[in-house]
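Working notes, structure below.
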Amino acid sequence: MEPVFLFICAHFCYSLRVIKESIEQAVKAALHELGAGEASFVVSRPSEMAHGDFATNAALSAAKALKKNPREVAEMLVKNLSSSTILGAVSKIETAGAGFINFFLSKDAIGKEVYSAADDDMYGKNNLYAGKEIMVEYTSPNLFKPLHIGNLVGNVLGESIARILEASGAAVHRVNYPSDIGLTVAKGVWGLSKNNLDPKDIAQLGKAYVVGNAAYEDGTAKLEIEEINRALYEDSNPEWSALRTEGIETSKKHLDELCKKLGTTFDRVFFESQSGPLGRDIVTEHIGKVFEKSEGAVVFHGAHTRVFLNSQGLPTYEAKEVGLFDLKSKAYPNFDLSITVTGSEQKEFFTVVFDAITKVFPEQTAGKTLLHISNGFLKLTTGKMSSRLGNVITGESLIEDLQNEAKEKMEGRELKNPNEVAEQVAIGAIKYTVLKQGSGKDIVFDPEKSLSLEGDSGPYLQYAHTRALSLIREAKKAGISAQISDTPVSGAREILARIILHFPDAVARSARELEPHHVTTYLTELASTFNSWYASERLIGGENPEFGLLLTEATEKILAQGLDMLAIRAPEKM
């Protein structure tokens, strides 16, 4: 028998990861003893706290192989597990339901894990992607028009995925791929030239695009706009090229300002004006090998047929992706995974494009993964927006409106920089709304609910963090020092302590599935439980304030780490 010290790590803390792995190993050994060693199973957090701290479905998996009732197999496994080394950290093992096995951690293990959460800045991190080099491409807007609130979604999702991967040991390269040439730009240039609009004004750029798009779609200027498009690719008309250059510079400045507000910095920015000519040449070189000529165009036959060069010989979005891959793979030749975060409507597009890329670049893609992650559309409670029609709410205007509302709600509070805090709260409200559900799902944004301090919002998490910091400051003024409890922990304290344990699991699950909403859901549960405990018990002057302070410090550390993984700033006061 291995002693209990097997589970003790630096700072006298139990490592929950080691405990979980030990449970998995013990279950596997018990399955082998029963003759069901190949049965697959998982050890995970139960859906209800009454069912313990971990649970496994091993008996259900093994029952078929052993030709026995799952409940009977569960009881047999529990007998074997009760004599294993995991009892150093597990106080009770029991069967439940049709054949589940529940594990309850000892109070000692829980207390030491809370100490670890409070003491270790690396508590929520893991090594799932250690040694892996990952490119994450996101934001990537169409330039030459204001960025509407839908453009925020890809940025918010991509940045959080990048941070969670970094917290899981990966070397992450952030890539932005704005569209700075093509029909969108040609429509804007037409609108500028025909309406005497200022290319240095982002609002007028948006107006130019709307009128240009309308003229293109109703056919009144379709041929002229297509001519502008060709001329811009060839740089053959100085007047149109100058309008494009000025408009793109205005858009880039606008984009940089918004990304700064959102806390995003890119390692590389590639433009379609770079990838287009490169993709056109690569596609042309592979005609007859990967691509085929068809009715004057060049196509690829994959899951469905897509055009890579149109009948005018210009590169389509598909060919530009081929050029982009060449640029990205030369910048980061040792990448293991390339993630592209864009709208869910592009899922089929990337299925074919990635197929073509692997055939054009067999060596560069060998052993590597190209992955598309969908983000949904963000709609206000008043309905959907469209930059084509002009009924656009820009990212900046939404942030500004929410910032003003947040500032009103905080009026009368002593804050050094109320404007800065209000902006952090506004952006946190948007990011939480985007990240609280699975990727690819459309998002209905309710401005009033997003700023609520009553739960299920970004400001709710931020406020729980500031409340924890305030408690910590007051406790230290009172001379209280955080310590592991020598007395039994029960009630609201026990619930909070047991929830604290599962932060690393939430981060690991988000990293495995590339789904930040698991972290968001966990943090909301933690904040709610912390607030319930805080409302029911006194820290200063209450029973065992030392352990109460430890719980508070652990909660504050986890909220700070988790909010950072969501790219939500955590104000010290609000």
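Identifiers in the structure tokens: chain A, B, ... in order shown; residue index from 1 per chain; ligand index from 1 in order shown.
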Q | Distance query region 273-286 of chain A at most 12 Å, only C-alpha atoms, self and fewer than 5 positions along chain excluded, as a PyMOL selection string | A | chain A and resi 143+177-182+185+232-235+244-245+248+291-293+297-300+307-310+312-328+353+356-357+359-361
Q.
With DSSP run on the backbone, what are the alpha helix (DSSP H) residues within region 44-91 of chain A? I'd like them as a list in words.
A.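 Alpha helix (DSSP H) members of region 44-91 of chain A, listed: Ala58, Ala59, Leu60, Ser61, Ala62, Ala63, Lys64, Ala65, Leu66, Pro70, Arg71, Glu72, Val73, Ala74, Glu75, Met76, Leu77, Val78, Lys79, Asn80 and Leu81 of chain A.
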Pull N, CA and C atoms from the residues just selected and write them as a short mmCIF file (atom, residue, chain, number, x, y, z; two decimals), in the first residue's frame.
data_model
loop_
_atom_site.label_atom_id
_atom_site.label_comp_id
_atom_site.auth_asym_id
_atom_site.auth_seq_id
_atom_site.Cartn_x
_atom_site.Cartn_y
_atom_site.Cartn_z
N ALA A 58 -17.83 3.07 -14.87
CA ALA A 58 -17.06 1.86 -15.19
C ALA A 58 -17.91 0.60 -15.10
N ALA A 59 -18.78 0.52 -14.12
CA ALA A 59 -19.59 -0.69 -13.95
C ALA A 59 -20.55 -0.87 -15.12
N LEU A 60 -21.09 0.22 -15.62
CA LEU A 60 -22.00 0.14 -16.76
C LEU A 60 -21.26 -0.38 -17.99
N SER A 61 -20.03 0.08 -18.17
CA SER A 61 -19.23 -0.36 -19.32
C SER A 61 -18.82 -1.82 -19.19
N ALA A 62 -18.49 -2.24 -17.95
CA ALA A 62 -17.99 -3.59 -17.74
C ALA A 62 -19.09 -4.65 -17.70
N ALA A 63 -20.32 -4.24 -17.40
CA ALA A 63 -21.41 -5.20 -17.20
C ALA A 63 -21.64 -6.07 -18.43
N LYS A 64 -21.56 -5.47 -19.60
CA LYS A 64 -21.80 -6.23 -20.84
C LYS A 64 -20.73 -7.30 -21.04
N ALA A 65 -19.46 -6.93 -20.79
CA ALA A 65 -18.38 -7.89 -20.98
C ALA A 65 -18.47 -9.03 -19.96
N LEU A 66 -18.89 -8.70 -18.75
CA LEU A 66 -18.96 -9.71 -17.69
C LEU A 66 -20.30 -10.45 -17.66
N PRO A 70 -25.28 -4.35 -14.01
CA PRO A 70 -24.37 -3.24 -13.70
C PRO A 70 -24.28 -2.92 -12.22
N ARG A 71 -25.38 -3.02 -11.51
CA ARG A 71 -25.36 -2.72 -10.08
C ARG A 71 -24.49 -3.74 -9.35
N GLU A 72 -24.60 -5.00 -9.74
CA GLU A 72 -23.78 -6.06 -9.13
C GLU A 72 -22.29 -5.81 -9.42
N VAL A 73 -21.98 -5.42 -10.66
CA VAL A 73 -20.59 -5.13 -11.02
C VAL A 73 -20.08 -3.94 -10.22
N ALA A 74 -20.92 -2.92 -10.04
CA ALA A 74 -20.53 -1.75 -9.26
C ALA A 74 -20.17 -2.14 -7.83
N GLU A 75 -20.96 -3.01 -7.23
CA GLU A 75 -20.68 -3.43 -5.86
C GLU A 75 -19.39 -4.22 -5.77
N MET A 76 -19.12 -5.03 -6.80
CA MET A 76 -17.87 -5.79 -6.83
C MET A 76 -16.67 -4.86 -6.97
N LEU A 77 -16.82 -3.85 -7.82
CA LEU A 77 -15.73 -2.89 -8.00
C LEU A 77 -15.47 -2.11 -6.72
N VAL A 78 -16.53 -1.71 -6.03
CA VAL A 78 -16.37 -0.93 -4.79
C VAL A 78 -15.58 -1.73 -3.76
N LYS A 79 -15.84 -3.04 -3.70
CA LYS A 79 -15.09 -3.88 -2.75
C LYS A 79 -13.60 -3.85 -3.05
N ASN A 80 -13.26 -3.94 -4.34
CA ASN A 80 -11.85 -3.87 -4.72
C ASN A 80 -11.25 -2.48 -4.48
N LEU A 81 -12.04 -1.45 -4.79
CA LEU A 81 -11.54 -0.09 -4.65
C LEU A 81 -11.35 0.30 -3.19
#
Near Arg413 (chain A), counting only C-alpha atoms, which residues have an atom at most 10 Å away, once you skip same-chain residues fewer than 4 positions from it, shown as a PDB file with C-alpha atoms, in the first residue's frame?
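Listed below is the output, result_11.pdb:
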ATOM      1  CA  LYS A 407     -21.315  54.305 -15.258  1.00  0.00           C
ATOM      2  CA  LYS A 409     -25.235  52.163 -12.176  1.00  0.00           C
ATOM      3  CA  PRO A 418     -14.905  55.357 -13.258  1.00  0.00           C
ATOM      4  CA  LYS A 573     -13.335  47.978  -7.328  1.00  0.00           C
ATOM      5  CA  MET A 574     -16.644  48.581  -9.095  1.00  0.00           C
TER       6      MET A 574
END
(Q) Give me, as a list in words, all polymer residues having an atom no more than 12 Å from Glu513 (chain A), counting only C-alpha atoms and skipping those fewer than 5 positions away in the same chain. (A)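 Contacts, in chain order: Leu128, Ile161, Ile164, Leu165, Ile373, Gly438, Ser439, Ala506, Val507, Ala508, His518 and Val519 of chain A.
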For the interface of region 403-493 of chain A with region 557-569 of chain A (cut-off 9 Å, counting only C-alpha atoms), please tabulate each contacting residue of region 403-493 of chain A alongside its nearest pair of atoms and their separation in Å to one decimal, rows sorted by chain and increasing number, as JSON lines.
{"residue": "A:Gln424", "atom": "CA", "partner": "A:Arg569", "partner_atom": "CA", "distance": 6.0}
{"residue": "A:Val425", "atom": "CA", "partner": "A:Arg569", "partner_atom": "CA", "distance": 8.0}
{"residue": "A:Ile427", "atom": "CA", "partner": "A:Ile568", "partner_atom": "CA", "distance": 7.4}
{"residue": "A:Gly428", "atom": "CA", "partner": "A:Ile568", "partner_atom": "CA", "distance": 5.2}
{"residue": "A:Ala429", "atom": "CA", "partner": "A:Ile568", "partner_atom": "CA", "distance": 8.7}
{"residue": "A:Lys431", "atom": "CA", "partner": "A:Ile568", "partner_atom": "CA", "distance": 7.0}
{"residue": "A:Tyr432", "atom": "CA", "partner": "A:Leu566", "partner_atom": "CA", "distance": 7.9}
{"residue": "A:Leu435", "atom": "CA", "partner": "A:Leu566", "partner_atom": "CA", "distance": 7.7}
{"residue": "A:Gly458", "atom": "CA", "partner": "A:Ile568", "partner_atom": "CA", "distance": 7.9}
{"residue": "A:Leu461", "atom": "CA", "partner": "A:Leu559", "partner_atom": "CA", "distance": 7.4}
{"residue": "A:Gln462", "atom": "CA", "partner": "A:Arg569", "partner_atom": "CA", "distance": 7.8}
{"residue": "A:Ala464", "atom": "CA", "partner": "A:Leu559", "partner_atom": "CA", "distance": 8.1}
{"residue": "A:His465", "atom": "CA", "partner": "A:Leu559", "partner_atom": "CA", "distance": 6.1}
Please, could you write that set of residues out with N, CA and C atoms as a compact mmCIF listing (two decimals), in the first residue's frame?
# COMPACT_ATOMS: atom_id res chain seq x y z
N GLN A 424 -14.56 48.43 -18.74
CA GLN A 424 -14.27 47.03 -18.43
C GLN A 424 -15.55 46.25 -18.16
N VAL A 425 -16.48 46.86 -17.47
CA VAL A 425 -17.76 46.20 -17.17
C VAL A 425 -18.56 46.01 -18.46
N ILE A 427 -17.48 45.79 -21.60
CA ILE A 427 -16.87 44.77 -22.46
C ILE A 427 -17.03 43.39 -21.83
N GLY A 428 -16.94 43.32 -20.49
CA GLY A 428 -17.17 42.05 -19.81
C GLY A 428 -18.58 41.54 -20.03
N ALA A 429 -19.54 42.46 -20.08
CA ALA A 429 -20.94 42.08 -20.31
C ALA A 429 -21.10 41.45 -21.69
N LYS A 431 -18.66 40.07 -23.60
CA LYS A 431 -17.88 38.82 -23.73
C LYS A 431 -18.57 37.66 -23.02
N TYR A 432 -19.10 37.91 -21.85
CA TYR A 432 -19.78 36.84 -21.12
C TYR A 432 -20.97 36.32 -21.92
N LEU A 435 -19.70 34.10 -24.63
CA LEU A 435 -18.98 32.90 -24.21
C LEU A 435 -19.77 31.96 -23.30
N GLY A 458 -21.48 38.92 -17.07
CA GLY A 458 -20.08 39.24 -16.84
C GLY A 458 -19.88 40.12 -15.62
N LEU A 461 -19.79 38.24 -12.33
CA LEU A 461 -18.50 37.62 -12.01
C LEU A 461 -17.50 38.67 -11.56
N GLN A 462 -17.46 39.80 -12.25
CA GLN A 462 -16.53 40.86 -11.88
C GLN A 462 -16.81 41.37 -10.47
N ALA A 464 -18.32 39.73 -8.01
CA ALA A 464 -17.93 38.71 -7.03
C ALA A 464 -16.43 38.78 -6.76
N HIS A 465 -15.65 39.05 -7.81
CA HIS A 465 -14.20 39.17 -7.65
C HIS A 465 -13.85 40.39 -6.78
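Closest approach to Ile134 (chain A) among A:Lys368, A:Lys107, A:His517, A:Arg230: A:Lys368, based on only C-alpha atoms.
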Q: Find the residues around Ser457 (chain A) up to 10 Å (only C-alpha atoms counted), leave out those fewer than 2 positions away in its own chain, and share them as a ChimeraX atom specification.
A: /A:428-433,436,449-455,459-462,520,524
Q: Quick one: everything within 6 Å of Glu423 (chain A), counting only C-alpha atoms, minus sequence neighbours fewer than 3 positions away in the same chain. Send it as a PyMOL selection string.
A: chain A and resi 403+420+426
For Ser344 (chain A): contacts at 6 Å, only C-alpha atoms, fewer than 6 positions along chain excluded, given as a CSV table (one decimal) with C-alpha atoms, in the first residue's frame:
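As a result, around_11.csv now contains:
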chain,number,residue,atom,x,y,z
A,374,SER,CA,-17.9,28.2,-35.9
A,375,ASN,CA,-19.1,31.3,-34.1
A,376,GLY,CA,-22.8,32.2,-34.2
A,440,GLY,CA,-21.7,28.1,-33.3
Q: Measuring atom to atom with only C-alpha atoms, identify which of A:Pro504, A:Lys222, A:Lys67, A:Pro516 is nearest to Ala36 (chain A).
A: A:Lys67
Q.
So the first atom is CA of Ala468 (chain A) and the second is CA of Thr552 (chain A); what is the distance between them in Å, to one decimal place?
A. 5.8 Å
Q: Find the residue from A:Ala171, A:Ile93, A:Val153, A:Val189 that sits nearest to Ala231 (chain A); use only C-alpha atoms when measuring.
A: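 That would be A:Val189, the residue with the smallest distance to Ala231 (chain A).
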Q: Once DSSP has gone over the backbone, tell me which residues of region 79-128 of chain A are in strand (DSSP E), as an MDAnalysis selection string.
A: chainID A and resid 90:96 100:105
Q) Could you state the separation of CA of Arg163 (chain A) and CA of Thr555 (chain A) in Å, given to one decimal place? A)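 For CA of Arg163 (chain A) relative to CA of Thr555 (chain A), the distance reads 20.0 Å.
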Q) For Lys132 (chain A), which residue out of A:Ser311, A:Thr381, A:Ser47, A:Ser168 is the nearest one, using only C-alpha atoms? A) A:Ser168
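Taking CA of Asn213 (chain A) and CA of Leu183 (chain A) as endpoints, the distance between them is 9.1 Å.
With distances restricted to only C-alpha atoms, A:Val156 is the closest residue to Gly263 (chain A) from A:Val156, A:Val172, A:Ala478, A:Leu31.
Of the listed residues (A:Glu448, A:Asp119, A:Asp505, A:Glu396), A:Glu396 comes nearest to Lys261 (chain A); the distances count only C-alpha atoms.
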